[in-house]
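Undergrad: To start, I am sharing the structure in question, which I have written as structure tokens.
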Amino acid sequence: MTTTSAVRELPPPPQRPPVSRAAARSRRRPTSGRNRPTWFTYAVLVVAALLAVFPLYWMFVVGSNDTSAVSRVPPTFVPGGNFVDNIGLVEAQTPFARSLLNSAIVSVAVAALQMFFCSLAGFAFAKLRFRGRGPLFVFVVSTMAIPSQLGIIPMYMIMSELDWTNTYWALVVPGAVSAFGVFWMRQVVIGTIPDEMVDAARIDGCSTFRIYWAIVVPNIRGAAAVFGLFSAMTTWNDFLWPLVVLNSPENFTSQVAIQQLRTTYSIDYSIVMTASVLATLPLLLLFVLAGKQLVAGIMDGAFKG
Amino acid sequence: MTAATVAAAPTGAFTRRWERLTPYAYIAPFFLLFLAFGLGPLVFTGWVSMHEWKVLTGDAGFVGLRNFAGVFSDPNFWKALRNTFAIFLISTIPGIGLSLWFAVLLNNRSLRAQTFWRMVLLVPNVTPLVTVAIVFSTIFGRNLGPVAWILQVFGLPEIDWVASAFTVQIVVAIMVIWRWTGYNTLIYLAAMQAVPDTLYDAAEIDGANRWQSFLHVTVPSIRPTILFSVVTSTVGGLQIFTEPLLFTNAVGGSDGQGLTLTLLLYSQAFGSFNFGYASAIAIMLLFVVLAVALLNFALARLIRSA
């Protein structure tokens, strides 16, 4: 946003000599960033917004009706009154409340660990001088290009050796820190903490951890919370690894429980969809509360060339 | 800073030494966990792939490249490879095009309701993959759901989306595009906002129209961001698993029409419990991902020098 404010402070451009309307149009500024948006822009955005939201609306429609209402052609497009009944049917098939709780515990644990470890490493890469900093950071970023999901077989063996299969440990420990998070938090620290602040604290005799704890953390708290939210959502949505490492219904996360429902009751869309609604609602609620910050966080943490 | 803080300043040789090591301690968790749960397992996958290794019998001896020979003569592997690539291409290319377009539209200071558009576009990205897959399965039903209804309204024959490889690829690609377009839009938008206005002014003086300044100013300026997102979507896209599993089933449908490489890996490892063979598939997939990532970089370099 620095560019924006810098530009706003520039003096107004000199007046152009009056020109004909056609000439003015052809001379229209080339970037859309400085043109008034046309109706076409809004039309495209409205269509995009509808397409973004419709599948979720459809999910509520199916999850609150019985299957027959949706199997008709044309299907119903209004929510029905079966949602509560459907919840009972879901809970009769699988301990779904427990699955939601499992998802919540794992997501919160992973988010807390990620916020701490990633901000610590991000701070180190952004503000501390040490031998090998550049190459080590390049290494961290390049691990994002490694499909680590492919090591899933030895991962499973490790968890068996540790007796961690079918436990929270298997889901939390491997997710405690991520290259993506280190990268994101480094961007945030660079963008919010000026070097002078760190140097001044150093001159005042602060230890490195004190600089992190007393200066960095309070200043990046908001961005770190957004990142925590992001990792909690990512963890909540994880599927392949929990599917592999969990094997009893009371330990399933919500995503695995839904897949099991789907496999067993492939015909009854409404029940599966009701479970999906229950597992998606918490995320949508969080999004309504903090979506604005999430958007800003993703943009702040983005790679800007 | 208070006087107490100053008094606690590190002065001794030990504290100074510790201060020098501190940065390494701060980045250590990442490297330790990556070694234990990222690189280590990946390397060990290579070891397992050269062994006869079943869950019940464990390591039953070195077999060289026999598992790889088996993979190469397995028609399911080729099917999975074809599907994986097809889904990757028909999701990534239109997806990135759409994201760039939306980002250009949003990169406008006089646009109303900026935050609203950004938030709405991000909604799909917070939706769980499992939900996405299940919801789109009922949207693209053969004789139920909105798409079947639209086809009927226009007098078109019904389509059994899950029956053929091509239609499965389309539906899965739509799921991917739906989930990721908004996220990529925000990343591109952030990069576009960092492009200095002076570049556009210069383009304007040179007589560039909107399309030309997009092509010659915007795209080159945000090229690193595009490359970054292409690499991450390559790594993610080639490992696609959840969508085809839930749209078809754990073996990719009746005829393997929805098989992808990761799905094949999963069904061999945790359906047939053939760890050696499944590891060989994992190694092949690793090579595919690396090859495509290198191709990305080569293309990017080519575009830069052109």
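Residue numbers start at 1 in each chain; chains themselves are named A, B, ... in the order of the structure tokens; ligands are numbered from 1 in the order shown.
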Check the DSSP output for the backbone and give back, as JSON, numbers by chain, the residues of stretch 48-128 of chain B in alpha helix (DSSP H).
TA: {"B": [48, 49, 66, 67, 68, 69, 70, 71, 72, 75, 76, 77, 78, 79, 80, 81, 82, 83, 84, 85, 86, 87, 88, 89, 90, 91, 92, 93, 94, 95, 96, 97, 98, 99, 100, 101, 102, 103, 104, 105, 106, 114, 115, 116, 117, 118, 119, 120, 121, 122, 123, 124, 125, 126]}
Undergrad: Store the residues picked out above in a file with N, CA and C atoms, as a compact mmCIF listing (two decimals), in the first residue's frame.
TA:
```txt
# COMPACT_ATOMS: atom_id res chain seq x y z
N VAL B 48 12.21 -48.28 0.06
CA VAL B 48 11.11 -49.26 0.06
C VAL B 48 10.76 -49.66 -1.36
N SER B 49 10.86 -48.70 -2.30
CA SER B 49 10.44 -49.00 -3.67
C SER B 49 11.31 -50.08 -4.31
N ARG B 66 12.36 -54.16 -9.86
CA ARG B 66 11.22 -54.98 -10.27
C ARG B 66 9.88 -54.25 -10.06
N ASN B 67 9.77 -53.54 -8.92
CA ASN B 67 8.52 -52.80 -8.70
C ASN B 67 8.27 -51.76 -9.79
N PHE B 68 9.36 -51.14 -10.24
CA PHE B 68 9.22 -50.13 -11.29
C PHE B 68 8.80 -50.78 -12.61
N ALA B 69 9.39 -51.95 -12.90
CA ALA B 69 8.98 -52.68 -14.10
C ALA B 69 7.50 -53.00 -14.02
N GLY B 70 7.06 -53.40 -12.82
CA GLY B 70 5.64 -53.69 -12.62
C GLY B 70 4.78 -52.47 -12.87
N VAL B 71 5.24 -51.32 -12.37
CA VAL B 71 4.48 -50.08 -12.54
C VAL B 71 4.37 -49.75 -14.03
N PHE B 72 5.49 -49.88 -14.76
CA PHE B 72 5.48 -49.53 -16.18
C PHE B 72 4.56 -50.41 -17.00
N PRO B 75 -1.44 -51.14 -16.70
CA PRO B 75 -2.28 -50.20 -17.45
C PRO B 75 -2.90 -49.13 -16.55
N ASN B 76 -3.14 -49.47 -15.28
CA ASN B 76 -3.70 -48.48 -14.36
C ASN B 76 -2.76 -47.30 -14.13
N PHE B 77 -1.46 -47.59 -14.14
CA PHE B 77 -0.50 -46.51 -13.96
C PHE B 77 -0.62 -45.50 -15.09
N TRP B 78 -0.69 -46.01 -16.32
CA TRP B 78 -0.78 -45.11 -17.48
C TRP B 78 -2.10 -44.34 -17.47
N LYS B 79 -3.16 -45.05 -17.08
CA LYS B 79 -4.46 -44.39 -16.96
C LYS B 79 -4.38 -43.25 -15.95
N ALA B 80 -3.76 -43.56 -14.79
CA ALA B 80 -3.65 -42.56 -13.72
C ALA B 80 -2.79 -41.38 -14.16
N LEU B 81 -1.71 -41.69 -14.88
CA LEU B 81 -0.82 -40.63 -15.35
C LEU B 81 -1.55 -39.70 -16.31
N ARG B 82 -2.30 -40.32 -17.26
CA ARG B 82 -3.06 -39.53 -18.23
C ARG B 82 -4.07 -38.63 -17.52
N ASN B 83 -4.83 -39.23 -16.59
CA ASN B 83 -5.84 -38.45 -15.87
C ASN B 83 -5.22 -37.32 -15.07
N THR B 84 -4.12 -37.63 -14.38
CA THR B 84 -3.49 -36.62 -13.54
C THR B 84 -3.08 -35.42 -14.39
N PHE B 85 -2.45 -35.70 -15.53
CA PHE B 85 -2.02 -34.61 -16.40
C PHE B 85 -3.19 -33.85 -16.98
N ALA B 86 -4.20 -34.59 -17.41
CA ALA B 86 -5.36 -33.93 -18.01
C ALA B 86 -6.02 -33.00 -16.99
N ILE B 87 -6.23 -33.51 -15.79
CA ILE B 87 -6.87 -32.68 -14.76
C ILE B 87 -6.01 -31.47 -14.45
N PHE B 88 -4.71 -31.71 -14.35
CA PHE B 88 -3.78 -30.62 -14.04
C PHE B 88 -3.86 -29.53 -15.11
N LEU B 89 -3.83 -29.94 -16.38
CA LEU B 89 -3.83 -28.93 -17.45
C LEU B 89 -5.17 -28.20 -17.54
N ILE B 90 -6.28 -28.97 -17.52
CA ILE B 90 -7.56 -28.27 -17.70
C ILE B 90 -8.01 -27.55 -16.44
N SER B 91 -7.30 -27.70 -15.34
CA SER B 91 -7.63 -26.85 -14.19
C SER B 91 -6.66 -25.68 -14.07
N THR B 92 -5.37 -25.91 -14.29
CA THR B 92 -4.38 -24.85 -14.03
C THR B 92 -4.47 -23.72 -15.04
N ILE B 93 -4.52 -24.06 -16.32
CA ILE B 93 -4.44 -22.99 -17.32
C ILE B 93 -5.67 -22.07 -17.27
N PRO B 94 -6.90 -22.60 -17.35
CA PRO B 94 -8.03 -21.68 -17.23
C PRO B 94 -8.09 -21.02 -15.85
N GLY B 95 -7.67 -21.76 -14.82
CA GLY B 95 -7.72 -21.21 -13.46
C GLY B 95 -6.85 -19.97 -13.33
N ILE B 96 -5.63 -20.05 -13.85
CA ILE B 96 -4.72 -18.91 -13.75
C ILE B 96 -5.21 -17.75 -14.61
N GLY B 97 -5.75 -18.08 -15.80
CA GLY B 97 -6.31 -17.04 -16.65
C GLY B 97 -7.43 -16.29 -15.94
N LEU B 98 -8.34 -17.05 -15.34
CA LEU B 98 -9.45 -16.43 -14.61
C LEU B 98 -8.95 -15.56 -13.46
N SER B 99 -7.98 -16.09 -12.71
CA SER B 99 -7.47 -15.35 -11.55
C SER B 99 -6.84 -14.03 -11.99
N LEU B 100 -6.08 -14.07 -13.09
CA LEU B 100 -5.46 -12.84 -13.58
C LEU B 100 -6.53 -11.83 -13.98
N TRP B 101 -7.56 -12.33 -14.64
CA TRP B 101 -8.64 -11.46 -15.09
C TRP B 101 -9.34 -10.81 -13.89
N PHE B 102 -9.71 -11.62 -12.91
CA PHE B 102 -10.38 -11.07 -11.73
C PHE B 102 -9.47 -10.08 -11.00
N ALA B 103 -8.17 -10.41 -10.95
CA ALA B 103 -7.24 -9.52 -10.24
C ALA B 103 -7.17 -8.16 -10.95
N VAL B 104 -7.16 -8.18 -12.29
CA VAL B 104 -7.13 -6.92 -13.03
C VAL B 104 -8.40 -6.11 -12.74
N LEU B 105 -9.55 -6.81 -12.72
CA LEU B 105 -10.80 -6.10 -12.43
C LEU B 105 -10.80 -5.51 -11.03
N LEU B 106 -10.24 -6.25 -10.07
CA LEU B 106 -10.26 -5.79 -8.68
C LEU B 106 -9.19 -4.72 -8.42
N GLN B 114 -14.78 -3.10 -2.42
CA GLN B 114 -13.54 -3.87 -2.61
C GLN B 114 -13.48 -5.11 -1.72
N THR B 115 -13.67 -4.87 -0.42
CA THR B 115 -13.50 -5.95 0.56
C THR B 115 -14.52 -7.05 0.31
N PHE B 116 -15.74 -6.64 -0.03
CA PHE B 116 -16.79 -7.62 -0.27
C PHE B 116 -16.40 -8.58 -1.39
N TRP B 117 -15.95 -8.06 -2.52
CA TRP B 117 -15.59 -8.92 -3.65
C TRP B 117 -14.46 -9.87 -3.27
N ARG B 118 -13.47 -9.30 -2.58
CA ARG B 118 -12.33 -10.14 -2.20
C ARG B 118 -12.77 -11.27 -1.29
N MET B 119 -13.66 -10.93 -0.33
CA MET B 119 -14.11 -11.96 0.61
C MET B 119 -14.92 -13.04 -0.09
N VAL B 120 -15.86 -12.60 -0.94
CA VAL B 120 -16.72 -13.59 -1.61
C VAL B 120 -15.87 -14.54 -2.45
N LEU B 121 -14.87 -13.98 -3.14
CA LEU B 121 -14.05 -14.84 -3.99
C LEU B 121 -13.23 -15.83 -3.16
N LEU B 122 -12.99 -15.49 -1.90
CA LEU B 122 -12.17 -16.39 -1.07
C LEU B 122 -13.00 -17.48 -0.40
N VAL B 123 -14.33 -17.34 -0.39
CA VAL B 123 -15.18 -18.32 0.29
C VAL B 123 -14.88 -19.77 -0.16
N PRO B 124 -14.77 -20.04 -1.46
CA PRO B 124 -14.51 -21.43 -1.87
C PRO B 124 -13.24 -22.00 -1.25
N ASN B 125 -12.25 -21.12 -1.04
CA ASN B 125 -10.98 -21.61 -0.54
C ASN B 125 -11.03 -22.07 0.91
N VAL B 126 -12.00 -21.57 1.69
CA VAL B 126 -12.09 -22.05 3.08
C VAL B 126 -13.02 -23.27 3.18
```
Undergrad: I need the chain A residues near chain B as number ranges by chain; criterion: at most 7 Å, counting only C-alpha atoms.
TA: A: 3, 29-34, 36-37, 41, 49, 52, 55, 59, 70-75, 117, 120-121, 124, 128, 130, 145, 147-148, 150-151, 153-155, 174, 177-178, 204-208, 233, 237, 255, 276, 280, 283, 291-292, 295, 299, 302-305
Undergrad: Could you jot down the atom CA of A:Ser254 to atom CA of A:Leu100 separation for me, Å, one decimal place?
TA: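 It comes out at 5.2 Å.
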